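Q: Structure file final09.cif, mmCIF, C-alpha atoms and all ligand atoms, is pasted below:
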data_run
#
loop_
_atom_site.label_atom_id
_atom_site.label_comp_id
_atom_site.auth_asym_id
_atom_site.auth_seq_id
_atom_site.Cartn_x
_atom_site.Cartn_y
_atom_site.Cartn_z
CA MET A 535 178.24 202.84 56.20
CA THR A 536 177.46 200.10 53.72
CA ALA A 537 175.82 196.96 55.05
CA GLU A 538 178.05 193.93 54.94
CA THR A 539 176.36 190.76 53.81
CA ALA A 540 179.13 188.23 53.13
CA PRO A 541 178.71 185.05 55.18
CA PHE A 542 180.91 184.39 58.20
CA ARG A 543 183.88 182.06 58.31
CA PRO A 544 183.63 178.88 60.39
CA ILE A 545 184.25 179.20 64.14
CA VAL A 546 187.84 178.21 64.97
CA PRO A 547 187.84 174.85 66.83
CA ASP A 548 188.37 175.05 70.63
CA SER A 549 188.24 178.84 70.61
CA GLN A 550 184.79 178.93 72.23
CA PRO A 551 183.55 177.27 75.44
CA ALA A 552 181.03 174.42 75.32
CA ASN A 553 177.74 174.89 77.16
CA ASP A 554 178.09 171.36 78.54
CA THR A 555 180.79 172.22 81.10
CA PRO A 556 180.23 170.00 84.18
CA SER A 557 182.60 171.97 86.44
CA TYR A 558 180.25 174.95 86.15
CA GLY A 559 177.19 173.78 88.09
CA SER A 560 174.62 176.10 86.52
CA THR A 561 175.19 174.42 83.14
CA HIS A 562 173.81 171.05 84.28
CA LEU A 563 170.14 171.70 83.57
CA ARG A 564 170.62 174.51 81.08
CA HIS A 565 172.79 173.08 78.32
CA PRO A 566 170.94 171.48 75.40
CA ALA A 567 171.42 167.71 75.26
CA ARG A 568 170.99 167.56 71.47
CA PRO A 569 173.49 168.90 68.95
CA ALA A 570 172.70 172.26 67.37
CA LEU A 571 171.10 172.26 63.92
CA ARG A 572 173.54 173.56 61.35
CA ILE A 573 171.74 176.13 59.15
CA PRO A 574 172.80 178.04 56.03
CA GLN A 575 173.66 181.70 56.47
CA SER A 576 170.92 183.92 55.11
CA ILE A 577 170.26 187.62 55.50
CA THR A 578 169.08 186.92 59.06
CA GLU A 579 172.52 185.58 60.04
CA THR A 580 174.77 187.89 58.00
CA THR A 581 173.16 191.22 58.91
CA GLY A 582 172.50 192.66 62.34
CA PRO A 583 171.30 195.66 64.32
CA ALA A 584 173.01 199.03 64.08
CA PHE A 585 173.14 201.18 67.21
CA SER A 586 173.72 204.92 67.04
CA ALA A 587 175.15 207.01 69.84
CA ALA A 588 172.17 209.35 69.36
CA GLN A 589 169.64 206.66 70.29
CA PHE A 590 171.93 204.82 72.72
CA PRO A 591 173.91 207.50 74.59
CA PRO A 592 177.47 206.58 75.66
CA MET A 593 178.41 206.37 79.34
CA ALA A 594 182.21 206.22 79.23
CA ASP A 595 183.11 206.98 82.86
CA LEU A 596 181.78 204.44 85.36
CA SER A 597 183.94 205.89 88.14
CA VAL A 598 181.81 209.05 88.52
CA PRO A 599 178.22 207.93 87.96
CA ASN A 600 176.54 210.69 89.92
CA GLY A 601 179.13 213.44 90.19
CA LYS A 602 180.93 211.82 93.14
CA GLN A 603 183.90 209.51 92.86
CA ALA A 604 183.45 205.79 93.33
CA GLN A 605 185.63 203.97 95.87
CA GLY A 606 188.46 201.86 94.51
CA GLU A 607 191.41 201.81 92.19
CA ARG A 608 190.62 203.99 89.17
CA ILE A 609 191.56 202.39 85.84
CA ILE A 610 191.38 203.20 82.14
CA VAL A 611 190.64 200.41 79.66
CA ARG A 612 191.56 201.04 76.04
CA GLY A 613 191.65 198.76 73.06
CA ARG A 614 190.58 198.03 69.56
CA VAL A 615 187.70 196.14 68.00
CA VAL A 616 188.79 194.22 64.89
CA ASP A 617 187.47 191.23 62.97
CA GLU A 618 189.22 187.96 62.12
CA ASN A 619 190.37 189.56 58.86
CA ASP A 620 192.23 192.10 61.04
CA ARG A 621 190.02 194.93 59.86
CA PRO A 622 188.83 197.52 62.39
CA VAL A 623 185.15 197.45 63.37
CA PRO A 624 184.21 201.14 63.54
CA HIS A 625 181.35 202.81 65.41
CA THR A 626 180.24 199.60 67.12
CA MET A 627 178.51 199.56 70.50
CA ILE A 628 180.18 198.01 73.57
CA GLU A 629 178.10 197.43 76.69
CA ILE A 630 179.97 197.16 80.00
CA TRP A 631 178.99 195.96 83.49
CA GLN A 632 180.90 194.98 86.61
CA ALA A 633 181.02 194.65 90.40
CA ASN A 634 182.22 197.48 92.64
CA ALA A 635 185.68 197.60 94.22
CA GLY A 636 184.49 195.36 97.06
CA GLY A 637 183.25 192.67 94.70
CA ARG A 638 179.54 193.46 94.93
CA TYR A 639 177.08 194.22 92.14
CA ASP A 640 174.50 196.97 92.45
CA HIS A 641 171.88 194.29 91.85
CA PRO A 642 169.14 192.88 94.11
CA GLY A 643 170.28 189.34 93.39
CA ASP A 644 173.77 189.91 94.79
CA GLN A 645 173.76 189.07 98.50
CA HIS A 646 177.54 188.94 98.99
CA ASP A 647 178.30 190.59 102.35
CA ALA A 648 180.53 193.31 100.91
CA PRO A 649 179.75 197.03 101.13
CA MET A 650 177.67 198.79 98.51
CA ASP A 651 179.13 202.01 97.11
CA PRO A 652 176.54 204.80 96.73
CA HIS A 653 178.78 206.36 94.08
CA PHE A 654 179.12 203.31 91.88
CA HIS A 655 176.52 201.59 89.71
CA GLY A 656 178.63 199.50 87.35
CA GLY A 657 176.88 199.87 83.97
CA GLY A 658 178.41 201.65 80.96
CA ARG A 659 178.34 201.93 77.19
CA VAL A 660 180.90 203.15 74.64
CA PHE A 661 181.30 203.09 70.87
CA SER A 662 184.45 202.31 68.90
CA ASP A 663 185.76 205.19 66.80
CA ALA A 664 186.35 205.27 63.03
CA ASP A 665 189.47 203.07 63.45
CA GLY A 666 187.90 200.63 65.91
CA TRP A 667 189.43 202.14 69.08
CA TYR A 668 187.43 202.41 72.29
CA GLN A 669 188.23 203.63 75.80
CA PHE A 670 186.47 204.01 79.13
CA THR A 671 187.27 204.80 82.75
CA THR A 672 186.11 202.75 85.72
CA ILE A 673 187.38 201.29 88.99
CA LYS A 674 188.95 197.86 89.23
CA PRO A 675 186.19 195.39 90.21
CA GLY A 676 186.73 193.17 93.25
CA ALA A 677 186.69 189.38 93.31
CA TYR A 678 183.56 187.79 94.75
CA PRO A 679 182.39 184.37 96.05
CA TRP A 680 179.80 182.48 94.00
CA ARG A 681 179.00 179.09 95.61
CA ASN A 682 179.75 177.01 92.50
CA HIS A 683 181.87 174.74 94.67
CA HIS A 684 183.47 174.98 98.11
CA ASN A 685 185.33 178.28 98.50
CA ALA A 686 184.61 179.35 94.92
CA TRP A 687 185.65 182.91 93.99
CA ARG A 688 185.33 184.62 90.64
CA PRO A 689 188.53 186.36 89.52
CA ASN A 690 188.33 190.14 89.05
CA HIS A 691 186.49 190.70 85.78
CA ILE A 692 184.54 193.14 83.66
CA HIS A 693 181.60 191.94 81.52
CA TYR A 694 181.24 193.08 77.90
CA SER A 695 178.64 192.79 75.17
CA LEU A 696 179.34 193.59 71.50
CA PHE A 697 177.20 193.39 68.37
CA GLY A 698 179.53 194.04 65.42
CA THR A 699 178.03 194.23 61.95
CA GLY A 700 176.02 191.01 61.84
CA PHE A 701 174.14 188.48 63.98
CA GLY A 702 177.12 186.12 63.63
CA GLN A 703 179.44 188.60 65.38
CA ARG A 704 177.43 188.90 68.57
CA VAL A 705 179.67 188.22 71.58
CA ILE A 706 179.28 188.46 75.34
CA THR A 707 182.46 187.92 77.28
CA GLN A 708 184.49 188.81 80.38
CA MET A 709 187.84 190.56 80.65
CA TYR A 710 190.27 189.43 83.34
CA PHE A 711 193.35 191.03 84.91
CA PRO A 712 196.97 189.88 84.58
CA GLY A 713 198.49 187.83 87.38
CA ASP A 714 195.21 186.88 89.03
CA PRO A 715 195.73 183.61 90.99
CA LEU A 716 191.99 182.85 90.82
CA LEU A 717 192.12 182.31 87.05
CA ALA A 718 193.67 178.86 87.50
CA LEU A 719 190.68 177.86 89.67
CA ASP A 720 187.82 179.44 87.73
CA PRO A 721 185.49 177.05 85.79
CA VAL A 722 184.11 179.88 83.65
CA TYR A 723 187.53 181.02 82.45
CA LEU A 724 188.79 177.43 82.12
CA ALA A 725 185.74 176.48 80.02
CA VAL A 726 187.51 177.92 76.96
CA PRO A 727 189.37 174.83 75.69
CA ASP A 728 192.26 176.50 73.89
CA LYS A 729 194.82 178.00 76.27
CA ALA A 730 195.78 180.83 73.93
CA ALA A 731 192.10 181.71 73.37
CA ARG A 732 191.61 181.79 77.16
CA GLU A 733 194.61 183.98 77.72
CA ARG A 734 193.35 186.50 75.20
CA LEU A 735 190.60 187.25 77.75
CA ILE A 736 193.27 188.69 80.07
CA ALA A 737 193.94 192.42 79.68
CA ALA A 738 197.53 193.66 79.58
CA PHE A 739 198.82 196.38 81.89
CA ASP A 740 199.83 199.25 79.59
CA ILE A 741 201.95 202.16 80.81
CA GLY A 742 201.04 203.98 77.61
CA VAL A 743 197.35 203.90 78.54
CA THR A 744 198.15 204.77 82.16
CA SER A 745 197.37 208.41 82.94
CA PRO A 746 199.95 210.19 85.18
CA GLU A 747 198.67 211.10 88.66
CA TRP A 748 195.27 209.70 87.68
CA ALA A 749 194.68 206.05 86.70
CA LEU A 750 196.37 202.78 85.74
CA GLY A 751 195.81 201.72 82.13
CA TYR A 752 194.94 198.34 80.63
CA ARG A 753 194.83 197.26 77.00
CA PHE A 754 192.13 194.88 75.84
CA ASP A 755 191.26 194.10 72.22
CA PHE A 756 188.15 192.39 70.87
CA VAL A 757 188.13 190.20 67.77
CA LEU A 758 184.78 189.57 66.08
CA ARG A 759 184.07 186.68 63.75
CA GLY A 760 185.40 187.36 60.24
CA ARG A 761 183.50 187.31 56.98
CA ARG A 762 184.45 185.33 53.92
CA ALA A 763 186.11 187.27 51.14
CA THR A 764 183.28 186.71 48.69
CA PRO A 765 179.56 186.46 49.32
CA THR A 766 179.38 182.77 48.46
CA GLU A 767 176.97 180.83 50.59
CA GLN A 768 178.29 178.53 53.26
CA ALA A 769 176.13 175.96 54.96
CA MET B 218 194.95 186.29 61.43
CA PRO B 219 193.41 186.89 64.85
CA VAL B 220 190.82 184.47 66.25
CA ALA B 221 187.43 185.65 67.50
CA THR B 222 187.22 186.49 71.21
CA ALA B 223 185.84 183.67 73.37
CA ASN B 224 182.38 184.07 74.85
CA GLN B 225 181.78 183.91 78.59
CA THR B 226 178.48 183.66 80.43
CA ILE B 227 176.31 186.77 80.77
CA GLY B 228 175.90 185.74 84.43
CA PRO B 229 173.07 186.64 86.81
CA TYR B 230 173.82 190.38 87.07
CA TRP B 231 173.47 191.51 83.45
CA HIS B 232 170.45 193.62 84.43
CA LEU B 233 172.94 196.42 85.18
CA ILE B 234 172.80 197.13 81.43
CA GLU B 235 169.09 196.42 81.08
CA ASP B 236 166.77 199.01 79.58
CA PRO B 237 163.22 197.62 79.75
CA THR B 238 162.11 199.84 76.85
CA TRP B 239 164.22 197.68 74.53
CA ALA B 240 161.47 195.04 74.64
CA ASP B 241 159.32 197.38 72.55
CA LEU B 242 160.79 197.55 69.04
CA THR B 243 158.14 200.07 68.01
CA ARG B 244 159.22 202.66 70.60
CA PHE B 245 160.91 204.91 68.04
CA GLY B 246 157.64 205.29 66.14
CA ALA B 247 157.78 202.31 63.77
CA GLN B 248 154.80 202.00 61.44
CA GLY B 249 153.50 198.61 60.33
CA GLU B 250 151.70 195.56 61.64
CA THR B 251 152.41 195.68 65.38
CA ILE B 252 152.46 192.28 67.06
CA VAL B 253 153.18 190.87 70.52
CA LEU B 254 155.54 187.93 71.03
CA THR B 255 155.45 186.19 74.40
CA GLY B 256 157.22 183.12 75.65
CA THR B 257 158.74 181.22 78.50
CA VAL B 258 162.10 179.56 79.15
CA THR B 259 162.43 176.37 81.19
CA ASP B 260 165.43 174.15 81.99
CA GLY B 261 165.96 170.40 81.87
CA GLY B 262 164.32 169.98 85.27
CA GLY B 263 161.20 171.86 84.22
CA ASN B 264 162.22 174.85 86.32
CA THR B 265 161.56 178.36 85.07
CA VAL B 266 164.68 180.23 83.94
CA ALA B 267 164.21 183.56 85.69
CA ASP B 268 167.50 185.36 85.00
CA ALA B 269 167.91 185.11 81.23
CA ALA B 270 168.32 187.85 78.66
CA ILE B 271 166.25 187.12 75.56
CA GLU B 272 167.25 188.97 72.41
CA ILE B 273 165.34 189.07 69.15
CA TRP B 274 166.66 190.17 65.78
CA GLN B 275 164.72 190.23 62.54
CA SER B 276 165.94 190.86 59.02
CA SER B 277 162.48 192.11 58.09
CA PRO B 278 161.15 194.81 58.15
CA PRO B 279 164.59 196.38 57.53
CA THR B 280 166.39 198.36 60.22
CA SER B 281 165.66 202.09 60.17
CA ASP B 282 165.74 205.06 62.53
CA SER B 283 162.21 204.18 63.59
CA PHE B 284 162.69 200.39 63.78
CA PRO B 285 165.82 198.90 65.42
CA ALA B 286 164.79 195.35 64.38
CA PHE B 287 166.46 194.26 67.64
CA GLY B 288 165.06 193.88 71.12
CA ARG B 289 166.06 192.58 74.53
CA CYS B 290 163.83 191.42 77.38
CA ARG B 291 164.52 189.74 80.70
CA THR B 292 162.76 186.58 81.74
CA ASP B 293 160.75 187.29 84.90
CA ALA B 294 160.20 185.12 87.98
CA ALA B 295 157.86 182.92 85.91
CA GLY B 296 160.49 182.56 83.17
CA ALA B 297 158.36 184.72 80.86
CA PHE B 298 159.31 187.36 78.30
CA ARG B 299 157.26 189.72 76.12
CA PHE B 300 158.16 191.77 73.05
CA THR B 301 156.23 194.26 70.96
CA THR B 302 157.50 194.40 67.39
CA LEU B 303 156.49 194.49 63.72
CA LYS B 304 155.46 191.32 61.91
CA PRO B 305 158.31 190.17 59.66
CA ASN B 306 157.75 189.52 55.97
CA PRO B 307 159.20 186.60 53.97
CA VAL B 308 162.88 187.12 53.10
CA ALA B 309 165.23 185.58 50.57
CA GLY B 310 166.95 182.30 51.31
CA LEU B 311 169.49 180.24 49.38
CA GLY B 312 169.09 180.29 45.64
CA ASN B 313 165.45 180.74 44.79
CA ALA B 314 164.16 179.75 48.20
CA ARG B 315 161.97 182.15 50.16
CA GLN B 316 162.11 181.96 53.91
CA ALA B 317 158.91 182.05 55.92
CA PRO B 318 158.51 185.05 58.23
CA HIS B 319 160.74 184.43 61.24
CA VAL B 320 162.48 186.11 64.16
CA ALA B 321 165.96 185.10 65.34
CA ILE B 322 166.16 184.52 69.10
CA SER B 323 169.26 184.44 71.31
CA ILE B 324 169.18 183.23 74.90
CA PHE B 325 171.86 184.42 77.30
CA ALA B 326 171.89 183.27 80.91
CA ARG B 327 173.88 182.14 83.89
CA GLY B 328 174.87 178.58 83.05
CA LEU B 329 175.17 179.30 79.34
CA LEU B 330 178.77 180.02 78.37
CA VAL B 331 177.72 180.86 74.81
CA ALA B 332 174.33 182.15 73.70
CA LEU B 333 171.80 179.65 72.39
CA THR B 334 170.28 180.76 69.12
CA THR B 335 167.04 179.63 67.55
CA ARG B 336 164.21 180.99 65.42
CA LEU B 337 160.57 181.78 66.02
CA TYR B 338 158.15 180.99 63.19
CA PHE B 339 154.46 181.88 63.05
CA GLN B 340 151.65 179.31 63.24
CA HIS B 341 149.43 179.02 60.13
CA GLU B 342 151.98 180.70 57.86
CA PRO B 343 151.76 178.87 54.48
CA LEU B 344 155.45 179.41 53.73
CA ASN B 345 156.37 177.33 56.81
CA GLU B 346 155.75 174.25 54.63
CA THR B 347 158.62 175.15 52.31
CA ASP B 348 160.92 177.13 54.59
CA PRO B 349 164.53 175.98 53.98
CA VAL B 350 165.49 175.97 57.69
CA LEU B 351 162.35 174.19 58.91
CA ALA B 352 162.89 171.67 56.09
CA LEU B 353 166.20 170.66 57.69
CA ILE B 354 164.31 169.23 60.69
CA GLU B 355 162.93 165.80 59.82
CA ASP B 356 160.99 165.15 63.01
CA ALA B 357 157.72 167.10 62.95
CA ALA B 358 157.59 167.30 66.75
CA ARG B 359 161.05 168.85 66.78
CA ARG B 360 160.05 171.30 64.06
CA ASP B 361 157.05 172.33 66.15
CA THR B 362 159.36 173.61 68.91
CA LEU B 363 160.03 176.62 66.64
CA ILE B 364 156.40 177.43 65.76
CA ALA B 365 154.85 180.10 67.96
CA ARG B 366 151.15 179.49 68.46
CA LYS B 367 148.66 182.24 67.87
CA THR B 368 147.06 183.17 71.18
CA ALA B 369 145.03 186.21 70.15
CA ASP B 370 144.78 188.66 67.30
CA LYS B 371 148.35 189.78 66.50
CA SER B 372 149.78 187.79 69.43
CA TRP B 373 152.00 184.71 69.34
CA HIS B 374 153.55 182.59 72.09
CA LEU B 375 156.60 180.28 72.11
CA ASP B 376 157.80 178.05 74.95
CA ILE B 377 161.56 177.48 74.89
CA ARG B 378 162.95 174.36 76.58
CA LEU B 379 166.70 174.39 77.08
CA GLN B 380 167.09 170.65 77.71
CA GLY B 381 165.19 167.38 77.89
CA ASP B 382 161.81 166.28 76.55
CA ASN B 383 160.63 168.59 73.82
CA GLU B 384 163.97 170.41 73.82
CA THR B 385 163.90 173.41 71.49
CA VAL B 386 165.87 173.08 68.26
CA PHE B 387 168.89 175.36 68.67
CA MET B 388 171.00 176.39 65.71
CA GLU B 389 174.55 177.13 64.66
CA PHE B 390 176.00 178.52 61.46
FE FE C 1 180.48 188.88 87.15
#
Could you render the structure as structure tokens?
Ligand SMILES: [Fe+2]

A:
Amino acid sequence: MTAETAPFRPIVPDSQPANDTPSYGSTHLRHPARPALRIPQSITETTGPAFSAAQFPPMADLSVPNGKQAQGERIIVRGRVVDENDRPVPHTMIEIWQANAGGRYDHPGDQHDAPMDPHFHGGGRVFSDADGWYQFTTIKPGAYPWRNHHNAWRPNHIHYSLFGTGFGQRVITQMYFPGDPLLALDPVYLAVPDKAARERLIAAFDIGVTSPEWALGYRFDFVLRGRRATPTEQA
Amino acid sequence: MPVATANQTIGPYWHLIEDPTWADLTRFGAQGETIVLTGTVTDGGGNTVADAAIEIWQSSPPTSDSFPAFGRCRTDAAGAFRFTTLKPNPVAGLGNARQAPHVAISIFARGLLVALTTRLYFQHEPLNETDPVLALIEDAARRDTLIARKTADKSWHLDIRLQGDNETVFMEF
């Protein structure tokens, strides 16, 4: 693989949430009050870490973490990682974490009174293939309450972390499920200003990904920030 | 053309993907000047931020099988993080400019819908005086929010303030 060093294109307006989002209570004391300093893109911004499956072993089936099947509705998630130039991003690492089928994380900080599942942990890792495709198996995570406001519930979601080919492509996001009535009430989801950008966080049910007698399938694609065509500097 | 996927908060339960060994960037046998970077994260109320993921990335020394040039560390109950890595060298900047040795830092946390990014520079580094990014910050007190102070031989410390008095200079590009 050759290292890509062309600078990144500007972020599309309204496609990303603002950290100053008053409806999400935890932002109040954590968002910077001053505007960010705009810096030129140097080698530090245009390049990034490279993760190999040898040093960072894949864990592509979250539904059987210890040889026994997790409780819940088994699902397959499949999709493609591309950039804003519509080029596949091959061999890139995707980190995955989520709650169990009852809406509880295997985490000491989660005190939601829902059952733990001894056969579910909720952490995974996959790599895209040479054409940018990735796939993993898990169980559908449950919704959970989160005390942001009265009767606040997070919609069913899976967390993802991707690195791409440069520091400017780093993204951490959440994937939602189609038809979830909680989406219209969720300050985290609604923090993305552009409606179309928000809705791209919702996976699509896909009968082609669905495995007969085994698991429902969902399609979810990632788009990473695109690079400029030529390595001209952009402040 | 497609538009880049929106970010969403890392939330309070990201530790499900945590591997504490990632805080040591020398763990694959990297050779060079090993240094320790420590720091803290506090919010606009002066409270410690105890659930953040701190990531560092450095364009120098270059990535190799023995040096990932990338690390991740949680903030603990005191809001503190600690990395072991190799000291970066100066790298090229725009035109003829040389950049002072620096480490890129990303902060992910509950309450942050998008990562905050900043840079760590090293106290007493002569190139800090001419670094093209530091030069963009007119207020010397603001510039100082990026300079890690030397606390011992081969050890530096940086306090990151998300909001309020002495707020860290965060960056976008
Ligand atoms: Fe979550």

Q: Just checking: using all atoms listed in the file, which residue out of A:Tyr752, A:Trp631, A:Phe542, A:Tyr558 ends up closest to ligand FE 1 (chain C)?

A: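 Checking each candidate against ligand FE 1 (chain C), we get A:Trp631 as the closest.
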
Q: At a cut-off of 8 Å around ligand FE 1 (chain C), and using only C-alpha atoms and all ligand atoms, what residues come up? Please write them as a list in words.

A: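 Residues satisfying the distance criterion: Gln632, Ala633, Arg688, His691, Ile692, His693 and Gln708 of chain A; Ile227, Gly228, Pro229 and Tyr230 of chain B.
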
Q: Extract, using all atoms listed in the file, all DNA, RNA and protein residues at most 7 Å from Ile322 in chain B, discarding same-chain residues fewer than 6 positions from it, and format them as a list in words.

A: Ile271, Glu272, Ile273, Trp274, Thr334, Thr335, Arg336 and Leu337 of chain B

Q: Using only C-alpha atoms, find the residues of chain B whose closest atom to chain A is at most 7 Å away, then write them as a JSON list (two decimals) with C-alpha atoms, in the frame of the given file.

A:
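The resulting file, part29.json, is shown below:
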[["chain", "number", "residue", "atom", "x", "y", "z"],
["B", 218, "MET", "CA", 194.95, 186.29, 61.43],
["B", 219, "PRO", "CA", 193.41, 186.89, 64.85],
["B", 220, "VAL", "CA", 190.82, 184.47, 66.25],
["B", 221, "ALA", "CA", 187.43, 185.65, 67.50],
["B", 222, "THR", "CA", 187.22, 186.49, 71.21],
["B", 223, "ALA", "CA", 185.84, 183.67, 73.37],
["B", 224, "ASN", "CA", 182.38, 184.07, 74.85],
["B", 225, "GLN", "CA", 181.78, 183.91, 78.59],
["B", 226, "THR", "CA", 178.48, 183.66, 80.43],
["B", 227, "ILE", "CA", 176.31, 186.77, 80.77],
["B", 230, "TYR", "CA", 173.82, 190.38, 87.07],
["B", 233, "LEU", "CA", 172.94, 196.42, 85.18],
["B", 234, "ILE", "CA", 172.80, 197.13, 81.43],
["B", 260, "ASP", "CA", 165.43, 174.15, 81.99],
["B", 261, "GLY", "CA", 165.96, 170.40, 81.87],
["B", 262, "GLY", "CA", 164.32, 169.98, 85.27],
["B", 275, "GLN", "CA", 164.72, 190.23, 62.54],
["B", 276, "SER", "CA", 165.94, 190.86, 59.02],
["B", 280, "THR", "CA", 166.39, 198.36, 60.22],
["B", 285, "PRO", "CA", 165.82, 198.90, 65.42],
["B", 286, "ALA", "CA", 164.79, 195.35, 64.38],
["B", 287, "PHE", "CA", 166.46, 194.26, 67.64],
["B", 310, "GLY", "CA", 166.95, 182.30, 51.31],
["B", 311, "LEU", "CA", 169.49, 180.24, 49.38],
["B", 327, "ARG", "CA", 173.88, 182.14, 83.89],
["B", 328, "GLY", "CA", 174.87, 178.58, 83.05],
["B", 329, "LEU", "CA", 175.17, 179.30, 79.34],
["B", 330, "LEU", "CA", 178.77, 180.02, 78.37],
["B", 331, "VAL", "CA", 177.72, 180.86, 74.81],
["B", 350, "VAL", "CA", 165.49, 175.97, 57.69],
["B", 379, "LEU", "CA", 166.70, 174.39, 77.08],
["B", 380, "GLN", "CA", 167.09, 170.65, 77.71],
["B", 381, "GLY", "CA", 165.19, 167.38, 77.89],
["B", 386, "VAL", "CA", 165.87, 173.08, 68.26],
["B", 387, "PHE", "CA", 168.89, 175.36, 68.67],
["B", 388, "MET", "CA", 171.00, 176.39, 65.71],
["B", 389, "GLU", "CA", 174.55, 177.13, 64.66],
["B", 390, "PHE", "CA", 176.00, 178.52, 61.46]]

Q: With a distance cut-off of 12 Å and only C-alpha atoms, select the neighbouring residues of Leu719 in chain A, excluding the residue or stretch itself and same-chain residues fewer than 5 positions from it, and output the selection as a PyMOL selection string.

A: chain A and resi 557-558+682-689+714+724-725

Q: May I ask for the distance between CA of Pro305 in chain B and CA of Asp376 in chain B, given in Å to one decimal place?

A: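 Going from CA of Pro305 in chain B over to CA of Asp376 in chain B, I get 19.5 Å.
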
Q: Quick one, how far is CA of Asn306 in chain B from CA of Ile377 in chain B?

A: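 Distance reported for this atom pair: 22.7 Å.
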
Q: Quick one, how far is CA of Phe661 in chain A from CA of Pro591 in chain A?

A: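 If I compute the distance from CA of Phe661 in chain A to CA of Pro591 in chain A, I get 9.4 Å.
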
Q: Please list as a list in words every residue within 8 Å of Asp651 in chain A, counting only C-alpha atoms and excluding residues in the same chain fewer than 6 positions away.

A: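 With the cut-off at 8 Å, the set is Ala604, Gln605 and Asn634 of chain A.
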
Q: Using only C-alpha atoms, which residues sit within 9 Å of range 341-349 of chain B once same-chain residues fewer than 2 positions away are excluded, as a ChimeraX atom specification?

A: /A:573-574 /B:307,310-311,314-318,338-339,351-353,364,366-367

Q: I'd like the neighbourhood of Thr251 in chain B as a VMD selection string, where a residue qualifies if any of its atoms comes within 6 Å (using only C-alpha atoms), though same-chain residues fewer than 2 positions away should be ignored.

A: chain B and resid 249 302 to 303

Q: Hey, can you pull every residue with an atom no more than 12 Å from (159.4, 200.9, 72.0), using only C-alpha atoms, and send it as a count of residues only?

A: 28
